[in-house]
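Here is the structure we will look at, set down as structure tokens.
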Amino acid sequence: MQRFFAENLFDGKTVKKNQLITVKAGTVQSIETADPLDDAEQLLGLVTPGFIDVQVNGGGGVLFNNQPTLETLLKMSRAHQQFGSTAILPTLITDDFATMQKAADSVAAAIAQNVKGIVGIHFEGPHLSEPKKGIHPCQHIREISPKELALFKRQDLGLVCVTLAPENVSVAVIKELVKANVKVCLGHSNASAEQTFAALQAGAQGFTHLFNAMSPLQSRAAGMVGAALLDQSSYCGLIVDHEHVDTTSCQLAIKCKTPEHIMLVTDAMSHVGSDQTELQFAGMQINRQGNKLTIEGGRLAGSALDMASAVRNCIENLHCSMQQALKMASSTPATFLGIQQQKGYLSPQSAADWVVLDNQYYVNATYIAGEKVFG
Ligand SMILES: [Zn+2]
């Protein structure tokens with residue numbers, strides 16, 4: 001049995017003082033108010049549920065697409081642990097089938113070996129809309145075929161998320177994916193609001209990087225953005241790096257959807273957790289200038305954002321409360337993924353996954369299954 005003492009603890013719902021956390025085999029056994037105990041490990045700062053990032057393309061100097069291996073997953077996971085992420089969905093950008101298969105096999109190996117922090121895979125594409133492709137390579141954007149469908153439905157990949165454009169994938173296929181427990185996210189899409197609602201009706205649960213690479217809200221065409229903001233039950237990923245989305249648009253989204261339905265995502269490329277400034281991907285050079293990643297011509301190409309920075313940006317610049325920001329980083333994505341019994345909250349029977357933050361919301365330490373993995 002491990003014992004930890006938290007002076008300040010946010011359990012995903014409320015902030016409590018002086019809490020003794022007991023952990024057995026990686027699982028929280030109890031959390032109780034107590035006096036500081038000598039033999040308990042002291043957690044200095046604010047203890048909060050580990051961050052869950054559903055969209056991570058890379059980190060630690062490696063991009064999942066470029067090297068879809070188990071070693072890459074280890075590097076990505078470690079890179080993001082420094083910034084508080086205790087669970088990530090490695091995200092594969094549109095690519096050829098062989099790369100998709102390799103990526104899936106690597107994630108399956110990580111799941112089988114219980115690699116800390118890897119909980120599944122996010123296929124962002126390839127069934128997207130060409131006019132909204134962003135940096136996704138055009139030559140690999142294609143219609144869904146039985147082999148991709150079978151890959152998405154594999155049962156050895158942990159949690160599976162697929163981003164697709166509903167104007168290019170039928171309602172029947174969306175239903176089939178949802179039935180196979182795939183989380184369907186809508187994005188990189190030019191769909192009308194009506195097409196978007198039809199996909200939600202078919203079981204799609206999320207939107208990938210709300211506002212970016214999707215049909216906008218206009219006076220006579222509500223677009224995917226309008227449908228996403230109006231719908232009450234779906235979840236929206238939001239990149240709060242102040243490069244992808246204007247602060248007012250972020251605030252509007254949080255007001256419409258509430259923090260219970262907005263998930264902070266990084267959309268991080270390989271640069272996070274490394275000093276890399278240049279990256280080659282699909283024949284493009286991606287350059288970092290400050291917190292911005294662009295290709296020639298200035299188009300944004302993923303982000304250099306980390307989860308702790310996203311939390312700070314919400315508190316400092318969107319005027320979110322600390323609790324709202326932390327929910328959007330942990331309990332909301334956990335609920336979206338259907339793992340809220342294990343992750344996203346700290347309570348008896350949940351995984352002992354937490355982050356210790358200082359008073360400026362920088363990460364002092366990160367724990368997964370009761371083990372310190374950073375700090
Ligand atoms: Zn994208």
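Each chain of the structure tokens is named A, B, ... in the order shown, its residues numbered from 1; ligands are numbered from 1 in display order.
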
Show me which residues line ligand 1, defined as having an atom within 8 Å of a ligand atom where only C-alpha atoms and all ligand atoms count, and present them as a list in words. Ile93, Glu124, Lys133, Gly134, Ile135, His136, Gly187, His188, Thr208, His209, Asn212, Ala213, Asp267 and Gly302 of chain A

Output of the above residues as a PDB file, in the first residue's frame, restricted to C-alpha atoms:
```
ATOM      1  CA  ILE A  93      -2.599  11.942 -39.693  1.00  0.00           C
ATOM      2  CA  GLU A 124      -7.337  11.511 -38.029  1.00  0.00           C
ATOM      3  CA  LYS A 133      -7.586  18.973 -45.608  1.00  0.00           C
ATOM      4  CA  GLY A 134      -5.257  21.375 -43.783  1.00  0.00           C
ATOM      5  CA  ILE A 135      -1.835  19.748 -44.039  1.00  0.00           C
ATOM      6  CA  HIS A 136      -3.208  16.228 -44.615  1.00  0.00           C
ATOM      7  CA  GLY A 187     -13.716  17.209 -38.657  1.00  0.00           C
ATOM      8  CA  HIS A 188     -11.631  18.278 -41.648  1.00  0.00           C
ATOM      9  CA  THR A 208     -12.015  17.428 -33.944  1.00  0.00           C
ATOM     10  CA  HIS A 209     -10.371  20.797 -33.275  1.00  0.00           C
ATOM     11  CA  ASN A 212     -10.234  24.626 -37.466  1.00  0.00           C
ATOM     12  CA  ALA A 213     -10.623  22.933 -40.850  1.00  0.00           C
ATOM     13  CA  ASP A 267      -2.700  18.538 -31.635  1.00  0.00           C
ATOM     14  CA  GLY A 302      -0.372  21.226 -35.910  1.00  0.00           C
TER      15      GLY A 302
END
```

Which residues come within 6 Å of stretch 148-158 of chain A, counting only C-alpha atoms, excluding same-chain residues fewer than 2 positions away, as a PyMOL selection string? chain A and resi 108+119-120+145-146+180

Go through stretch 71-108 of chain A residue by residue and, counting only C-alpha atoms, keep those with an atom at most 7 Å from stretch 355-373 of chain A; for each kept residue give the shortest atom pair and its distance in Å to one decimal, ordered by chain and increasing number, as a Markdown table.
```
| residue | atom | partner | partner_atom | distance |
| --- | --- | --- | --- | --- |
| A:Gln81 | CA | A:Thr366 | CA | 6.4 |
| A:Phe83 | CA | A:Val363 | CA | 6.0 |
| A:Gly84 | CA | A:Val355 | CA | 5.5 |
| A:Thr86 | CA | A:Ile368 | CA | 6.1 |
```

What separation in Å, quoted to one decimal, exists between atom CA of A:Ala352 and atom CA of A:Glu7?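 Answer for the atom CA of A:Ala352 to atom CA of A:Glu7 separation: 16.6 Å.
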
As number ranges by chain, which residues of stretch 100-226 of chain A does DSSP assign to strand (DSSP E)? A: 120-124, 159-164, 183-186, 206-207
